[in-house]
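A.B. asks: Input structure: entry.txt, which contains compact mmCIF, C-alpha atoms and all ligand atoms.
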```
# COMPACT_ATOMS: atom_id res chain seq x y z
CA MET E 364 -9.00 3.83 -23.48
CA GLY E 365 -8.76 2.00 -20.18
CA ARG E 366 -10.69 -0.98 -18.91
CA ASP E 367 -13.73 -1.43 -16.71
CA PRO E 368 -13.37 -3.97 -13.90
CA PRO E 369 -15.59 -7.04 -13.61
CA ALA E 370 -18.39 -6.29 -11.13
CA PRO E 371 -17.13 -6.88 -7.58
CA THR E 372 -18.86 -9.72 -5.72
CA PRO E 373 -18.36 -9.04 -2.00
CA GLU E 374 -21.71 -10.62 -1.10
CA ARG E 375 -20.56 -13.92 -2.59
CA ILE E 376 -17.07 -13.85 -1.08
CA LEU E 377 -18.05 -12.57 2.36
CA PRO E 378 -21.79 -13.24 2.76
CA ASP E 379 -21.60 -12.45 6.48
CA VAL E 380 -20.30 -8.89 5.93
CA PRO E 381 -22.73 -6.13 4.84
CA VAL E 382 -21.46 -4.66 1.56
CA ALA E 383 -21.48 -1.16 3.11
CA LYS E 384 -18.93 -2.40 5.66
CA ILE E 385 -16.30 -3.35 3.08
CA PRO E 386 -13.47 -0.82 3.57
CA ALA E 387 -13.02 1.52 0.60
CA SER E 388 -9.34 2.01 1.31
CA ILE E 389 -6.90 -0.52 2.77
CA GLY E 390 -3.25 0.05 3.65
CA ILE E 391 -0.90 -2.83 4.42
CA ILE E 392 2.44 -2.89 6.21
CA MET E 393 3.89 -6.05 4.71
CA ASP E 394 6.21 -7.28 7.44
CA GLY E 395 7.94 -10.56 8.22
CA ASN E 396 9.54 -11.53 4.90
CA GLY E 397 12.98 -11.94 6.48
CA ARG E 398 11.68 -13.94 9.44
CA TRP E 399 9.73 -16.26 7.16
CA ALA E 400 12.82 -17.05 5.10
CA ARG E 401 15.11 -17.46 8.12
CA ARG E 402 12.63 -19.90 9.69
CA LEU E 403 13.07 -22.09 6.66
CA GLY E 404 16.84 -21.70 6.85
CA TRP E 405 16.94 -19.55 3.71
CA GLU E 406 18.45 -16.14 2.98
CA ARG E 407 16.20 -13.23 3.96
CA ILE E 408 15.78 -12.10 0.37
CA LYS E 409 13.87 -15.27 -0.49
CA GLY E 410 11.16 -13.90 1.76
CA HIS E 411 10.80 -10.83 -0.45
CA THR E 412 10.42 -13.00 -3.55
CA ALA E 413 7.77 -15.10 -1.83
CA GLY E 414 6.05 -11.86 -0.73
CA ILE E 415 5.20 -11.09 -4.35
CA ASP E 416 2.64 -13.93 -4.40
CA SER E 417 0.96 -12.39 -1.36
CA VAL E 418 0.91 -8.98 -3.09
CA ARG E 419 -0.76 -10.50 -6.16
CA GLU E 420 -3.34 -12.40 -4.13
CA ALA E 421 -4.17 -9.42 -1.89
CA ALA E 422 -4.60 -7.12 -4.90
CA GLN E 423 -6.82 -9.58 -6.79
CA GLU E 424 -9.00 -10.28 -3.79
CA CYS E 425 -9.36 -6.61 -2.81
CA ALA E 426 -10.44 -5.84 -6.39
CA ARG E 427 -13.02 -8.65 -6.27
CA LEU E 428 -14.35 -7.36 -2.98
CA GLY E 429 -14.87 -3.87 -4.36
CA VAL E 430 -12.12 -2.19 -2.34
CA LYS E 431 -11.38 1.10 -4.11
CA GLU E 432 -7.74 1.58 -3.11
CA LEU E 433 -5.02 -0.71 -1.80
CA THR E 434 -1.81 0.94 -0.63
CA LEU E 435 1.20 -1.27 0.14
CA TYR E 436 4.30 -0.23 2.08
CA ALA E 437 6.97 -1.76 -0.17
CA PHE E 438 10.09 0.32 0.63
CA SER E 439 10.52 2.95 3.32
CA VAL E 440 12.93 5.89 3.43
CA GLU E 441 14.65 3.97 6.24
CA ASN E 442 15.06 0.77 4.18
CA TRP E 443 18.20 2.15 2.46
CA LYS E 444 19.99 1.28 5.72
CA ARG E 445 19.67 -2.44 4.93
CA PRO E 446 22.68 -4.31 3.50
CA ARG E 447 23.36 -3.17 -0.04
CA PRO E 448 22.71 -6.56 -1.68
CA GLU E 449 19.27 -6.67 -0.05
CA VAL E 450 18.43 -3.14 -1.27
CA GLU E 451 19.61 -4.01 -4.78
CA TYR E 452 17.59 -7.21 -4.70
CA LEU E 453 14.46 -5.33 -3.67
CA MET E 454 14.97 -2.79 -6.47
CA THR E 455 15.31 -5.61 -9.02
CA LEU E 456 12.25 -7.32 -7.60
CA LEU E 457 10.26 -4.10 -7.91
CA ARG E 458 11.30 -3.68 -11.51
CA ARG E 459 10.34 -7.27 -12.30
CA PHE E 460 7.05 -6.86 -10.45
CA ALA E 461 6.22 -3.72 -12.44
CA GLU E 462 6.99 -5.51 -15.71
CA ASP E 463 5.61 -9.00 -15.04
CA GLU E 464 2.32 -7.97 -13.44
CA ARG E 465 1.16 -5.78 -16.33
CA PRO E 466 -1.21 -8.46 -17.76
CA GLU E 467 -2.63 -9.20 -14.30
CA ILE E 468 -3.08 -5.49 -13.58
CA ASP E 469 -4.86 -5.02 -16.87
CA ALA E 470 -7.04 -8.14 -16.50
CA ASN E 471 -8.33 -6.71 -13.24
CA ALA E 472 -8.63 -3.15 -14.67
CA ILE E 473 -6.37 -1.98 -11.84
CA ARG E 474 -4.82 1.48 -11.91
CA PHE E 475 -1.27 1.15 -10.68
CA THR E 476 0.46 4.07 -9.02
CA THR E 477 3.18 4.99 -6.51
CA ILE E 478 3.78 7.43 -3.68
CA GLY E 479 7.05 8.47 -2.06
CA ARG E 480 10.30 10.06 -3.18
CA VAL E 481 10.25 7.73 -6.17
CA SER E 482 12.53 9.84 -8.34
CA GLU E 483 15.42 8.72 -6.08
CA LEU E 484 14.96 5.05 -7.08
CA PRO E 485 17.41 3.46 -9.55
CA GLU E 486 16.65 4.39 -13.15
CA ALA E 487 15.71 0.87 -14.34
CA THR E 488 13.25 0.42 -11.46
CA LEU E 489 11.79 3.87 -11.90
CA SER E 490 11.22 3.55 -15.63
CA ALA E 491 9.50 0.15 -15.25
CA LEU E 492 7.22 1.61 -12.57
CA ARG E 493 6.45 4.69 -14.66
CA GLU E 494 5.61 2.55 -17.68
CA THR E 495 3.19 0.39 -15.69
CA GLU E 496 1.63 3.54 -14.27
CA ARG E 497 1.24 4.94 -17.78
CA LEU E 498 -0.20 1.72 -19.25
CA SER E 499 -2.80 1.39 -16.49
CA ALA E 500 -3.61 5.09 -16.03
CA ALA E 501 -7.00 4.94 -17.75
CA ASN E 502 -8.21 1.77 -16.00
CA ARG E 503 -11.33 2.31 -13.94
CA GLY E 504 -10.96 -0.42 -11.32
CA MET E 505 -9.16 -0.46 -7.99
CA VAL E 506 -6.11 1.72 -7.39
CA LEU E 507 -3.04 -0.34 -6.43
CA ARG E 508 -0.57 2.06 -4.89
CA LEU E 509 2.96 1.16 -3.84
CA ALA E 510 4.64 3.33 -1.22
CA LEU E 511 8.29 3.44 -2.32
CA ASN E 512 11.11 5.38 -0.73
CA TYR E 513 8.19 6.49 1.39
CA GLY E 514 8.04 7.99 4.85
CA GLY E 515 5.02 9.61 6.46
CA ARG E 516 7.15 12.37 7.98
CA ALA E 517 8.99 12.90 4.68
CA GLU E 518 5.61 13.25 2.94
CA LEU E 519 4.48 15.89 5.44
CA ALA E 520 7.82 17.71 5.18
CA ASP E 521 7.60 17.67 1.37
CA ALA E 522 4.03 19.02 1.52
CA ALA E 523 5.12 21.74 3.98
CA ARG E 524 7.96 22.73 1.63
CA ALA E 525 5.52 22.97 -1.30
CA LEU E 526 3.19 25.11 0.82
CA ALA E 527 6.04 27.40 1.87
CA ALA E 528 7.12 27.80 -1.77
CA ASP E 529 3.56 28.67 -2.81
CA ALA E 530 3.29 31.16 0.06
CA ALA E 531 6.65 32.76 -0.80
CA ALA E 532 5.55 33.10 -4.44
CA GLY E 533 2.27 34.70 -3.39
CA ARG E 534 0.15 31.79 -4.66
CA ILE E 535 -1.38 31.14 -1.25
CA ASP E 536 -2.08 33.42 1.68
CA PRO E 537 -0.42 31.87 4.80
CA SER E 538 -3.46 32.76 6.88
CA LYS E 539 -5.58 30.61 4.53
CA ILE E 540 -3.50 27.45 4.99
CA ASP E 541 -5.81 24.72 6.25
CA GLU E 542 -6.01 20.92 6.19
CA ALA E 543 -7.27 20.88 2.59
CA ALA E 544 -4.32 23.03 1.46
CA LEU E 545 -1.87 20.59 3.00
CA ALA E 546 -3.73 17.51 1.76
CA ALA E 547 -3.61 18.96 -1.78
CA ARG E 548 0.20 18.84 -1.61
CA LEU E 549 0.61 15.23 -0.47
CA TYR E 550 2.14 12.75 -2.94
CA ASP E 551 -1.30 11.66 -4.19
CA PRO E 552 -3.82 14.37 -3.39
CA ALA E 553 -6.63 12.13 -4.66
CA MET E 554 -5.80 9.39 -2.16
CA ARG E 555 -8.65 8.55 0.20
CA ASP E 556 -8.19 8.28 3.93
CA VAL E 557 -7.32 4.72 4.88
CA ASP E 558 -10.23 2.85 6.48
CA LEU E 559 -8.38 -0.32 7.43
CA MET E 560 -4.68 -0.64 8.08
CA ILE E 561 -3.31 -4.17 8.25
CA ARG E 562 0.10 -5.04 9.65
CA THR E 563 1.51 -8.54 9.37
CA ALA E 564 4.12 -10.25 11.57
CA GLY E 565 2.66 -9.06 14.85
CA GLU E 566 4.35 -5.74 15.54
CA MET E 567 2.03 -3.08 17.03
CA ARG E 568 3.65 -0.15 15.24
CA VAL E 569 2.74 2.34 12.53
CA SER E 570 6.38 2.67 11.37
CA ASN E 571 6.05 6.02 9.59
CA PHE E 572 3.40 4.73 7.15
CA LEU E 573 0.75 7.17 5.86
CA LEU E 574 0.64 9.33 8.98
CA TRP E 575 -1.85 11.82 7.55
CA GLN E 576 -4.13 9.30 5.83
CA ILE E 577 -4.45 6.85 8.76
CA SER E 578 -5.79 9.43 11.21
CA TYR E 579 -9.08 7.52 11.58
CA ALA E 580 -8.02 4.10 10.29
CA GLU E 581 -8.96 0.94 12.13
CA ILE E 582 -5.85 -1.14 12.74
CA HIS E 583 -5.70 -4.92 12.38
CA VAL E 584 -2.49 -6.66 13.38
CA THR E 585 -2.01 -10.32 12.50
CA PRO E 586 0.86 -12.58 13.59
CA VAL E 587 0.93 -14.10 10.08
CA LEU E 588 4.17 -13.34 8.21
CA TRP E 589 3.67 -11.54 4.90
CA PRO E 590 4.71 -14.45 2.60
CA GLU E 591 1.99 -16.54 4.27
CA PHE E 592 -0.72 -13.87 4.06
CA ARG E 593 -3.54 -15.29 1.94
CA LYS E 594 -7.20 -14.60 1.17
CA PRO E 595 -8.53 -16.02 4.48
CA HIS E 596 -6.27 -13.62 6.39
CA LEU E 597 -7.56 -10.69 4.36
CA HIS E 598 -11.13 -11.85 4.98
CA ALA E 599 -10.43 -12.07 8.72
CA ALA E 600 -9.10 -8.49 8.71
CA ILE E 601 -12.22 -7.25 6.88
CA ARG E 602 -14.54 -9.12 9.24
CA ASP E 603 -12.70 -7.56 12.17
CA PHE E 604 -13.04 -4.11 10.55
CA ALA E 605 -16.77 -4.62 9.87
CA LYS E 606 -17.37 -5.17 13.58
CA ARG E 607 -15.71 -1.95 14.68
CA GLU E 608 -17.79 1.05 15.66
CA ARG E 609 -16.31 4.07 13.90
CA ARG E 610 -17.08 7.39 15.52
CA PHE E 611 -14.59 9.81 13.93
CA GLY E 612 -14.49 11.73 17.20
CA GLY E 613 -18.28 12.00 17.46
CA LEU E 614 -20.87 9.95 19.33
CA VAL E 615 -22.70 7.08 17.73
CA GLY E 616 -26.44 7.70 17.52
CA ALA E 617 -26.11 11.24 18.86
C1 LIG E 701 9.32 -6.33 5.42
O1 LIG E 701 9.86 -7.57 5.73
C2 LIG E 701 9.20 -6.14 4.01
C3 LIG E 701 9.90 -5.24 3.25
C4 LIG E 701 10.88 -4.31 3.80
C5 LIG E 701 9.74 -5.12 1.82
C6 LIG E 701 8.40 -5.44 1.29
C7 LIG E 701 8.59 -6.10 0.00
C8 LIG E 701 7.85 -7.11 -0.50
C9 LIG E 701 6.63 -7.63 0.12
C10 LIG E 701 8.25 -7.78 -1.75
C11 LIG E 701 8.29 -6.88 -2.88
C12 LIG E 701 7.02 -6.19 -3.09
C13 LIG E 701 6.66 -5.70 -4.26
C14 LIG E 701 5.40 -4.94 -4.39
C15 LIG E 701 7.49 -5.90 -5.44
P1 LIG E 701 11.21 -7.65 6.56
O2 LIG E 701 12.32 -7.93 5.62
O3 LIG E 701 11.36 -6.39 7.35
O4 LIG E 701 10.94 -8.87 7.47
P2 LIG E 701 11.52 -9.11 8.93
O5 LIG E 701 10.93 -8.05 9.81
O6 LIG E 701 11.04 -10.47 9.26
O7 LIG E 701 13.01 -9.01 8.82
```
Take the structure in this file and express it as structure tokens.
C.D. replies:
Amino acid sequence: MGRDPPAPTPERILPDVPVAKIPASIGIIMDGNGRWARRLGWERIKGHTAGIDSVREAAQECARLGVKELTLYAFSVENWKRPRPEVEYLMTLLRRFAEDERPEIDANAIRFTTIGRVSELPEATLSALRETERLSAANRGMVLRLALNYGGRAELADAARALAADAAAGRIDPSKIDEAALAARLYDPAMRDVDLMIRTAGEMRVSNFLLWQISYAEIHVTPVLWPEFRKPHLHAAIRDFAKRERRFGGLVGA
């Protein structure tokens, strides 16, 4: 059946931003959980738990603003190198998030999905994620997409492998391979290009996140640590984005 979202109200939330300047697709590199916890003298993992509140608030507010897709970098292919207890904690947290947020996801008519080599996640985490995906699949509101066991290079390598297999099987003529053919083999071929990429905790890096989809993204870096990222910080990022002049390689007014 699926649910329709309540009408977004960007003009009420951000009256100073023209509605046409609200980014359709936002990607966030959620950084600084460990630093936030250490600053308080706590174990790093407490920062990940606190980060869930920021995830919930960002998703709710993006939905209210009429953002079409929000993609969050929750676990990279490199994150397996962290101490095992931290990895296990993150996997448990993801499972709990997938289970506990179902009412919230539904109330906001959000369609929940994932990208990455997700089949390599622990079974309990994977099945909770799959179930939330299934339950929300028909919702017609914002897409909330978690990048899990995700790497931008891994995604491009996986797409290249799929292309090579199709070429070897005679399903595609190698001379016909173009950008659309590659884009059709990414983890979520329906994913829009990212308009605004936000990174918290101050680092000026892309860190292997969505390499294909951020080709023309505007980047907003904030020193705020992810567990402290709240609505006003999201609003500031969108105001910053709305002021940018996007040319996509062309000339404005030409
Ligand atoms: C970066 O902080 C954050 C991560 C590696 C994981 C992101 C996870 C969350 C926000 C919580 C779980 C999210 C969901 C959707 C369940 P860091 O540990 O690298 O921080 P640091 O750079 O200060 O050490």
A.B. asks: Could you give me the residues within 10 Å of ligand LIG 701 (chain E), counting all atoms listed in the file, as number ranges by chain?
C.D. replies: E: 391-402, 407-419, 435-439, 441-443, 445, 449-450, 452-461, 464, 507-511, 563-566, 588-590
A.B. asks: With distances taken over only C-alpha atoms, which residue among E:Ala370, E:Glu462, E:Val430, E:Asp521 lies nearest Ser490 (chain E)?
C.D. replies: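 Going through E:Ala370, E:Glu462, E:Val430, E:Asp521 one by one, the smallest distance to Ser490 (chain E) is for E:Glu462.
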A.B. asks: Report, in Å with one decimal, the straight-line distance from CA of Ala387 (chain E) to CA of Gly613 (chain E).
C.D. replies: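 Between these atoms lies a distance of 20.5 Å.
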A.B. asks: Counting only C-alpha atoms, which residues have an atom no more than 12 Å from (-23.6, -4.9, 5.3) in the file's coordinates? Please list them as JSON, numbers by chain.
C.D. replies: {"E": [373, 374, 377, 378, 379, 380, 381, 382, 383, 384, 385, 386, 601, 602, 604, 605, 606]}
A.B. asks: Between E:Ser570, E:Leu597, E:Ile478, E:Ala531, which has the minimum distance to Pro552 (chain E) (counting all atoms listed in the file)?
C.D. replies: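 Smallest separation from Pro552 (chain E) among the options: E:Ile478.
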A.B. asks: Could you check which of E:Pro485, E:Pro537, E:Gly479, E:Pro448 is closest to Leu519 (chain E), using all atoms listed in the file?
C.D. replies: E:Gly479
A.B. asks: Calculated over all atoms listed in the file, which of the candidates E:Met505, E:Leu614, E:Ala553, E:Ala530 has the smallest distance to Glu432 (chain E)?
C.D. replies: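 For Glu432 (chain E), the nearest of the candidates is E:Met505.
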A.B. asks: Quote the spacing between CA of Ala426 (chain E) and CA of Arg593 (chain E) in Å to one decimal place.
C.D. replies: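 Computing it gives 14.4 Å between the two atoms.
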A.B. asks: With distances taken over only C-alpha atoms, which residue among E:Arg447, E:Lys539, E:Arg497, E:Arg555 lies nearest Thr434 (chain E)?
C.D. replies: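 Residue with the minimum atom-to-atom distance to Thr434 (chain E): E:Arg555.
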A.B. asks: For a quick check of understanding, using only C-alpha atoms, which of E:Leu403, E:Leu574, E:Leu526, E:Ile389 has the smallest distance to Cys425 (chain E)?
C.D. replies: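 Ranking E:Leu403, E:Leu574, E:Leu526, E:Ile389 by distance to Cys425 (chain E), first place goes to E:Ile389.
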A.B. asks: What's the separation between CA of Gly365 (chain E) and CA of Tyr513 (chain E), in Å to one decimal place?
C.D. replies: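 Spanning CA of Gly365 (chain E) to CA of Tyr513 (chain E) is a straight-line distance of 27.8 Å.
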A.B. asks: If you count all atoms listed in the file, which residues fall within 10 Å of Leu549 (chain E), apart from same-chain ones fewer than 2 positions away, as a PDB file with C-alpha atoms, in the frame of the given file?
C.D. replies:
```
ATOM      1  CA  ILE E 478       3.780   7.430  -3.680  1.00  0.00           C
ATOM      2  CA  GLY E 479       7.050   8.470  -2.060  1.00  0.00           C
ATOM      3  CA  GLY E 515       5.020   9.610   6.460  1.00  0.00           C
ATOM      4  CA  GLU E 518       5.610  13.250   2.940  1.00  0.00           C
ATOM      5  CA  LEU E 519       4.480  15.890   5.440  1.00  0.00           C
ATOM      6  CA  ALA E 520       7.820  17.710   5.180  1.00  0.00           C
ATOM      7  CA  ASP E 521       7.600  17.670   1.370  1.00  0.00           C
ATOM      8  CA  ALA E 522       4.030  19.020   1.520  1.00  0.00           C
ATOM      9  CA  ALA E 523       5.120  21.740   3.980  1.00  0.00           C
ATOM     10  CA  ALA E 525       5.520  22.970  -1.300  1.00  0.00           C
ATOM     11  CA  ALA E 544      -4.320  23.030   1.460  1.00  0.00           C
ATOM     12  CA  LEU E 545      -1.870  20.590   3.000  1.00  0.00           C
ATOM     13  CA  ALA E 546      -3.730  17.510   1.760  1.00  0.00           C
ATOM     14  CA  ALA E 547      -3.610  18.960  -1.780  1.00  0.00           C
ATOM     15  CA  ASP E 551      -1.300  11.660  -4.190  1.00  0.00           C
ATOM     16  CA  PRO E 552      -3.820  14.370  -3.390  1.00  0.00           C
ATOM     17  CA  ALA E 553      -6.630  12.130  -4.660  1.00  0.00           C
ATOM     18  CA  MET E 554      -5.800   9.390  -2.160  1.00  0.00           C
ATOM     19  CA  TRP E 575      -1.850  11.820   7.550  1.00  0.00           C
ATOM     20  CA  GLN E 576      -4.130   9.300   5.830  1.00  0.00           C
TER      21      GLN E 576
END
```
A.B. asks: Adding 4 Å on each side of the box along x, y and z that holds all listed atoms of region 389-403 of chain E, could you give its centre and edge lengths in Å to one decimal, as AutoDock Vina command-line options?
C.D. replies:
```
--center_x 4.1 --center_y -11.0 --center_z 6.2 --size_x 30.0 --size_y 30.1 --size_z 14.9
```
